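Asker: Could you have a look at this structure, given as structure tokens, before my questions?
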Amino acid sequence: MVARRGRRNGSAVTPALDADNAPTAEMPAVGVNGSDPVRAKSIPEAAVARLAVYLRVLSAMAEQGATTVASEELSAAAGVNSAKLRKDLSYLGSYGTRGVGYEVRVLVGQIERTLGLTRQHKVAVVGIGNLGHALANYGGFPGRGFPVEALFDVDADLVGVPVGGIPVSHLDDIPAVCSERGISIGVIATPPTAAQSVCDRLVSGGVQCILNFAPVVLQVPEHIEVRKVDLAVELQILSFHVARRADDANGSHKVGNGMVVR
Ligand SMILES: NC(=O)c1ccc[n+]([C@@H]2O[C@H](COP(=O)([O-])OP(=O)(O)OC[C@H]3O[C@@H](n4cnc5c(N)ncnc54)[C@H](O)[C@@H]3O)[C@@H](O)[C@H]2O)c1
């Protein structure tokens, strides 16, 4: 049994791109290159999420041959206002050159280093049902530094069957296989009742990060990073914005905190 602490599971729901930058209890700061957030120059979690978006946009620009990008161009392509973009990039020590903007290649390197993407992070998926199949078959992870290297399920009919080119291993082999293959990220796509024991096995196999799709809060040792994905929350956020627009259209007015008064 893995030693547990009652750690909060961070939500992997991407914070709104224009969410506030200030670190808060809900959006803790993270250290550059995974270093101590207290000592290192810290970056609010919402800004970290935006860095990942800038990286995707910049990579596409680099593929199209761009060598420099103006902050306005990058902010429009990323859907972030340019003041926020400049603030985010200042966390990297990147201020651009007046009249020229940012060097694409340099900025890509800085963001990759900050996000710890200069090496690959091998991924294991546990629970090869509807969601696990989709994740295992998705070709977009390896190119972004996250090769899927192991799949696990408890279903004897699935064990040995290749999905996305990788044979499914049995649940009991999680610790040994993860350790042998150097898996650093475990994705849990099992029913919620199985998620904690799957998590424990992943941790004993040396996995450092868990991406949890099961609707349950996991207990993990302090050194394990957990992110929770809940598409229903995303839908609820969309619902909130639709409702707010409807209220605005009905003559409501906004108050300082972005809420509306009826
Ligand atoms: N977060 C989201 O937005 C989101 C969206 C869809 C589904 N989900 C969640 O993801 C999970 C998977 O959903 P699904 O639709 O793919 O379910 P599914 O029933 O299609 O697949 C679950 C798989 O887990 C396997 N499994 C069961 N117990 C296991 C164990 N102890 N060890 C290893 N494998 C085990 C099953 O054999 C099955 O193959 C569920 O918890 C669901 O609620 C989350």
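Order determines the names: the first chain of the structure tokens is A, the second B, and so forth; residues in each chain are numbered 1 upward, and ligands are numbered 1 upward as they are shown.
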To check your reading of the model: which residues sit at most 9 Å from ligand 1 when counting only C-alpha atoms and all ligand atoms? Write the answer as a ChimeraX atom specification.

Answerer: /A:126-134,152-158,170-172,188-198,212-216,228-234

Asker: Can those selected residues be exported to a file as a CSV table (one decimal), in the first residue's frame so that it contains C-alpha atoms?

Answerer:
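Full text of selection37.csv as output:
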chain,number,residue,atom,x,y,z
A,126,VAL,CA,-4.9,2.3,-17.5
A,127,GLY,CA,-8.5,1.3,-18.5
A,128,ILE,CA,-8.7,0.6,-22.2
A,129,GLY,CA,-12.4,1.1,-22.6
A,130,ASN,CA,-14.0,3.9,-24.6
A,131,LEU,CA,-11.8,6.7,-23.4
A,132,GLY,CA,-8.6,4.6,-23.0
A,133,HIS,CA,-9.0,3.4,-26.6
A,134,ALA,CA,-9.3,6.9,-27.9
A,152,PHE,CA,-3.2,-1.8,-18.9
A,153,ASP,CA,-6.6,-3.3,-18.2
A,154,VAL,CA,-8.2,-5.9,-15.9
A,155,ASP,CA,-10.3,-7.5,-18.7
A,156,ALA,CA,-8.7,-10.8,-19.7
A,157,ASP,CA,-10.2,-10.4,-23.2
A,158,LEU,CA,-8.2,-7.2,-23.7
A,170,HIS,CA,-2.7,-6.9,-17.1
A,171,LEU,CA,-3.4,-4.6,-14.2
A,172,ASP,CA,-1.2,-6.6,-11.9
A,188,ILE,CA,-6.4,6.7,-15.3
A,189,ALA,CA,-9.4,5.9,-17.5
A,190,THR,CA,-11.0,3.2,-15.3
A,191,PRO,CA,-14.3,3.3,-13.5
A,192,PRO,CA,-14.1,5.5,-10.3
A,193,THR,CA,-14.2,2.5,-8.0
A,194,ALA,CA,-10.9,1.1,-9.4
A,195,ALA,CA,-9.1,4.5,-9.7
A,196,GLN,CA,-7.4,4.6,-6.3
A,197,SER,CA,-5.9,1.1,-6.4
A,198,VAL,CA,-4.8,1.8,-10.0
A,212,ASN,CA,-7.1,11.2,-13.7
A,213,PHE,CA,-10.3,11.0,-15.8
A,214,ALA,CA,-12.2,9.1,-13.2
A,215,PRO,CA,-14.6,11.2,-11.2
A,216,VAL,CA,-12.9,10.6,-7.8
A,228,LYS,CA,-8.0,15.8,-12.8
A,229,VAL,CA,-9.9,16.1,-16.1
A,230,ASP,CA,-13.6,16.6,-16.0
A,231,LEU,CA,-15.3,17.5,-19.2
A,232,ALA,CA,-18.6,18.0,-17.3
A,233,VAL,CA,-17.0,21.0,-15.5
A,234,GLU,CA,-16.0,22.5,-18.9

Asker: Residues within 12 Å of A:Arg105, please, as a ChimeraX atom specification. Count only C-alpha atoms; anything in the same chain fewer than 6 positions from it doesn't count.

Answerer: /A:55,58-63,65-69,111-112

Asker: I need the residues from that last selection saved to file as a compact mmCIF listing (two decimals), in the first residue's frame (with N, CA and C atoms), if you can.

Answerer:
# COMPACT_ATOMS: atom_id res chain seq x y z
N LEU A 55 3.01 27.90 -26.96
CA LEU A 55 3.93 26.94 -27.57
C LEU A 55 3.31 26.27 -28.80
N LEU A 58 3.22 28.92 -31.54
CA LEU A 58 4.57 29.23 -32.05
C LEU A 58 5.13 28.06 -32.86
N SER A 59 4.85 26.84 -32.43
CA SER A 59 5.35 25.67 -33.17
C SER A 59 4.75 25.65 -34.56
N ALA A 60 3.45 25.97 -34.66
CA ALA A 60 2.81 26.01 -35.98
C ALA A 60 3.43 27.12 -36.82
N MET A 61 3.73 28.26 -36.20
CA MET A 61 4.36 29.37 -36.95
C MET A 61 5.75 28.97 -37.44
N ALA A 62 6.50 28.28 -36.55
CA ALA A 62 7.85 27.86 -36.94
C ALA A 62 7.79 26.89 -38.11
N GLU A 63 6.79 25.99 -38.08
CA GLU A 63 6.64 25.03 -39.19
C GLU A 63 6.37 25.74 -40.50
N GLY A 65 7.66 28.53 -41.26
CA GLY A 65 8.85 29.29 -41.65
C GLY A 65 9.01 30.63 -40.97
N ALA A 66 8.12 30.96 -40.00
CA ALA A 66 8.25 32.26 -39.34
C ALA A 66 9.50 32.27 -38.46
N THR A 67 10.22 33.38 -38.47
CA THR A 67 11.41 33.49 -37.61
C THR A 67 11.15 34.48 -36.47
N THR A 68 10.31 35.49 -36.71
CA THR A 68 9.95 36.42 -35.64
C THR A 68 8.44 36.58 -35.61
N VAL A 69 7.94 36.99 -34.46
CA VAL A 69 6.50 37.22 -34.34
C VAL A 69 6.28 38.44 -33.45
N ILE A 111 10.03 28.38 -23.68
CA ILE A 111 8.78 27.81 -23.14
C ILE A 111 8.97 26.31 -22.90
N GLU A 112 9.63 25.62 -23.83
CA GLU A 112 9.84 24.18 -23.65
C GLU A 112 10.65 23.90 -22.38

Asker: Point out the residue among A:Arg201, A:Leu107, A:Ala124, A:Ser179 with the least atom-to-atom distance to A:Ile166, counting only C-alpha atoms.

Answerer: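 With only C-alpha atoms as the atom set, the closest residue is A:Ala124.
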
Asker: Compare A:Val125, A:Ile43, A:Ala83, A:Leu202 by their minimum atom-to-atom distance to A:Gly164, counting only C-alpha atoms, and give me the closest one.

Answerer: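 Of A:Val125, A:Ile43, A:Ala83, A:Leu202, the one nearest A:Gly164 is A:Val125, counting only C-alpha atoms.
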
Asker: Taking the chain letters and numbering used in this document, name the residues of stretch 30-247 of chain A that DSSP puts in helix (DSSP H, G or I), as a PyMOL selection string.

Answerer: chain A and resi 32-34+45-63+71-78+82-90+104-114+130-137+142-144+171-181+192-204+231-247

Asker: Contacts of A:Lys122 at 9 Å or less, counting only C-alpha atoms, minus same-chain residues fewer than 2 places along, as a VMD selection string?

Answerer: chain A and resid 120 124 142 145 to 150 181 to 186

Asker: The selected residues should be written to file as a tab-separated table (two decimals), in the first residue's frame (atoms: N, CA and C atoms).

Answerer:
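Contents of the output file part26.tsv:
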chain	number	residue	atom	x	y	z
A	120	GLN	N	11.44	13.61	-23.15
A	120	GLN	CA	10.15	12.95	-23.33
A	120	GLN	C	9.62	12.44	-22.00
A	124	ALA	N	1.61	5.92	-19.59
A	124	ALA	CA	0.85	4.66	-19.54
A	124	ALA	C	-0.62	5.01	-19.39
A	142	PRO	N	2.77	11.70	-29.06
A	142	PRO	CA	4.23	11.49	-29.19
A	142	PRO	C	4.96	12.73	-29.70
A	145	GLY	N	5.99	15.17	-27.17
A	145	GLY	CA	6.87	14.71	-26.09
A	145	GLY	C	6.24	13.75	-25.11
A	146	PHE	N	5.08	13.17	-25.48
A	146	PHE	CA	4.39	12.26	-24.56
A	146	PHE	C	4.06	10.93	-25.23
A	147	PRO	N	5.07	10.11	-25.54
A	147	PRO	CA	4.77	8.83	-26.18
A	147	PRO	C	4.03	7.89	-25.24
A	148	VAL	N	2.97	7.28	-25.76
A	148	VAL	CA	2.24	6.28	-24.96
A	148	VAL	C	2.99	4.96	-25.09
A	149	GLU	N	3.52	4.45	-23.98
A	149	GLU	CA	4.42	3.29	-24.01
A	149	GLU	C	3.84	2.07	-23.33
A	150	ALA	N	2.71	2.19	-22.63
A	150	ALA	CA	2.15	1.02	-21.96
A	150	ALA	C	0.65	1.21	-21.76
A	181	ARG	N	9.87	0.31	-18.17
A	181	ARG	CA	9.79	1.21	-19.34
A	181	ARG	C	10.02	2.67	-18.99
A	182	GLY	N	10.23	2.95	-17.72
A	182	GLY	CA	10.49	4.34	-17.31
A	182	GLY	C	9.30	5.24	-17.54
A	183	ILE	N	8.11	4.74	-17.20
A	183	ILE	CA	6.90	5.55	-17.38
A	183	ILE	C	6.88	6.65	-16.32
A	184	SER	N	6.62	7.89	-16.76
A	184	SER	CA	6.56	8.97	-15.76
A	184	SER	C	5.15	9.53	-15.57
A	185	ILE	N	4.26	9.30	-16.55
A	185	ILE	CA	2.89	9.82	-16.41
A	185	ILE	C	1.90	8.66	-16.57
A	186	GLY	N	1.01	8.52	-15.60
A	186	GLY	CA	-0.05	7.51	-15.68
A	186	GLY	C	-1.38	8.18	-15.92

Asker: In terms of the shortest atom-to-atom distance over only C-alpha atoms, which of A:Ala76, A:Leu235, A:Leu211, A:Ala70 is closest to A:Arg98?

Answerer: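 Using only C-alpha atoms, the shortest distance to A:Arg98 belongs to A:Ala70.
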
Asker: Among stretch 66-173 of chain A, which residues does DSSP mark as strand (DSSP E) when it is run on the backbone? Keep the chain and numbering as in the structure and answer as a VMD selection string.

Answerer: chain A and resid 68 to 69 102 to 103 123 to 126 148 to 153 162 to 163 166 to 170

Asker: May I have the residues from that selection written out with N, CA and C atoms, as a PDB file, in the first residue's frame?

Answerer:
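Generated output (out33.pdb):
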ATOM      1  N   THR A  68      10.313  35.487 -36.709  1.00  0.00           N
ATOM      2  CA  THR A  68       9.952  36.419 -35.641  1.00  0.00           C
ATOM      3  C   THR A  68       8.437  36.579 -35.615  1.00  0.00           C
ATOM      4  N   VAL A  69       7.937  36.991 -34.457  1.00  0.00           N
ATOM      5  CA  VAL A  69       6.501  37.223 -34.338  1.00  0.00           C
ATOM      6  C   VAL A  69       6.284  38.444 -33.450  1.00  0.00           C
ATOM      7  N   TYR A 102       9.281  38.922 -31.045  1.00  0.00           N
ATOM      8  CA  TYR A 102      10.018  37.819 -30.421  1.00  0.00           C
ATOM      9  C   TYR A 102      10.600  36.913 -31.493  1.00  0.00           C
ATOM     10  N   GLU A 103      11.779  36.365 -31.203  1.00  0.00           N
ATOM     11  CA  GLU A 103      12.322  35.334 -32.100  1.00  0.00           C
ATOM     12  C   GLU A 103      11.601  34.026 -31.805  1.00  0.00           C
ATOM     13  N   VAL A 123       4.190   7.737 -21.238  1.00  0.00           N
ATOM     14  CA  VAL A 123       2.834   7.701 -20.678  1.00  0.00           C
ATOM     15  C   VAL A 123       2.301   6.275 -20.671  1.00  0.00           C
ATOM     16  N   ALA A 124       1.611   5.916 -19.588  1.00  0.00           N
ATOM     17  CA  ALA A 124       0.849   4.664 -19.535  1.00  0.00           C
ATOM     18  C   ALA A 124      -0.621   5.014 -19.385  1.00  0.00           C
ATOM     19  N   VAL A 125      -1.481   4.280 -20.084  1.00  0.00           N
ATOM     20  CA  VAL A 125      -2.925   4.476 -19.944  1.00  0.00           C
ATOM     21  C   VAL A 125      -3.491   3.234 -19.273  1.00  0.00           C
ATOM     22  N   VAL A 126      -4.297   3.442 -18.242  1.00  0.00           N
ATOM     23  CA  VAL A 126      -4.927   2.307 -17.537  1.00  0.00           C
ATOM     24  C   VAL A 126      -6.435   2.415 -17.709  1.00  0.00           C
ATOM     25  N   VAL A 148       2.973   7.277 -25.757  1.00  0.00           N
ATOM     26  CA  VAL A 148       2.240   6.277 -24.963  1.00  0.00           C
ATOM     27  C   VAL A 148       2.994   4.959 -25.094  1.00  0.00           C
ATOM     28  N   GLU A 149       3.515   4.446 -23.977  1.00  0.00           N
ATOM     29  CA  GLU A 149       4.424   3.293 -24.009  1.00  0.00           C
ATOM     30  C   GLU A 149       3.844   2.068 -23.333  1.00  0.00           C
ATOM     31  N   ALA A 150       2.712   2.190 -22.634  1.00  0.00           N
ATOM     32  CA  ALA A 150       2.146   1.016 -21.960  1.00  0.00           C
ATOM     33  C   ALA A 150       0.646   1.208 -21.760  1.00  0.00           C
ATOM     34  N   LEU A 151      -0.079   0.097 -21.899  1.00  0.00           N
ATOM     35  CA  LEU A 151      -1.531   0.108 -21.696  1.00  0.00           C
ATOM     36  C   LEU A 151      -1.872  -1.014 -20.724  1.00  0.00           C
ATOM     37  N   PHE A 152      -2.861  -0.780 -19.874  1.00  0.00           N
ATOM     38  CA  PHE A 152      -3.238  -1.792 -18.878  1.00  0.00           C
ATOM     39  C   PHE A 152      -4.752  -1.878 -18.776  1.00  0.00           C
ATOM     40  N   ASP A 153      -5.222  -3.093 -18.502  1.00  0.00           N
ATOM     41  CA  ASP A 153      -6.644  -3.291 -18.222  1.00  0.00           C
ATOM     42  C   ASP A 153      -6.769  -4.562 -17.387  1.00  0.00           C
ATOM     43  N   PRO A 162      -3.304  -5.676 -29.143  1.00  0.00           N
ATOM     44  CA  PRO A 162      -2.676  -4.360 -29.391  1.00  0.00           C
ATOM     45  C   PRO A 162      -3.713  -3.261 -29.643  1.00  0.00           C
ATOM     46  N   VAL A 163      -3.503  -2.148 -29.023  1.00  0.00           N
ATOM     47  CA  VAL A 163      -4.341  -0.954 -29.265  1.00  0.00           C
ATOM     48  C   VAL A 163      -3.371   0.178 -29.592  1.00  0.00           C
ATOM     49  N   ILE A 166       0.222  -1.008 -29.318  1.00  0.00           N
ATOM     50  CA  ILE A 166       0.828  -1.459 -28.043  1.00  0.00           C
ATOM     51  C   ILE A 166      -0.065  -2.521 -27.412  1.00  0.00           C
ATOM     52  N   PRO A 167       0.491  -3.709 -27.106  1.00  0.00           N
ATOM     53  CA  PRO A 167      -0.338  -4.740 -26.478  1.00  0.00           C
ATOM     54  C   PRO A 167      -0.764  -4.328 -25.068  1.00  0.00           C
ATOM     55  N   VAL A 168      -2.001  -4.620 -24.748  1.00  0.00           N
ATOM     56  CA  VAL A 168      -2.512  -4.292 -23.407  1.00  0.00           C
ATOM     57  C   VAL A 168      -1.933  -5.291 -22.403  1.00  0.00           C
ATOM     58  N   SER A 169      -1.399  -4.774 -21.303  1.00  0.00           N
ATOM     59  CA  SER A 169      -0.878  -5.620 -20.223  1.00  0.00           C
ATOM     60  C   SER A 169      -1.915  -5.703 -19.113  1.00  0.00           C
ATOM     61  N   HIS A 170      -1.711  -6.695 -18.226  1.00  0.00           N
ATOM     62  CA  HIS A 170      -2.670  -6.857 -17.129  1.00  0.00           C
ATOM     63  C   HIS A 170      -2.388  -5.862 -16.016  1.00  0.00           C
TER      64      HIS A 170
END

Asker: Mind giving me the straight-line distance from atom CA of A:Cys178 to atom CA of A:Val203 in Å, one decimal?

Answerer: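 Computing it gives 9.3 Å between the two atoms.
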
Asker: In Å, rounded to a single decimal, give me how far atom CA of A:Glu73 is from atom CA of A:Ala46.

Answerer: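 For atom CA of A:Ala46 relative to atom CA of A:Glu73, the distance reads 20.6 Å.
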
Asker: What separation in Å, quoted to one decimal, exists between atom CA of A:Ser42 and atom CA of A:Leu92?

Answerer: 9.9 Å

Asker: Between A:Ser82, A:Ser75, A:Gln208, A:Gln236, single out the one closest to A:His121, counting only C-alpha atoms.

Answerer: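 Using only C-alpha atoms, A:His121 sits closest to A:Gln208.
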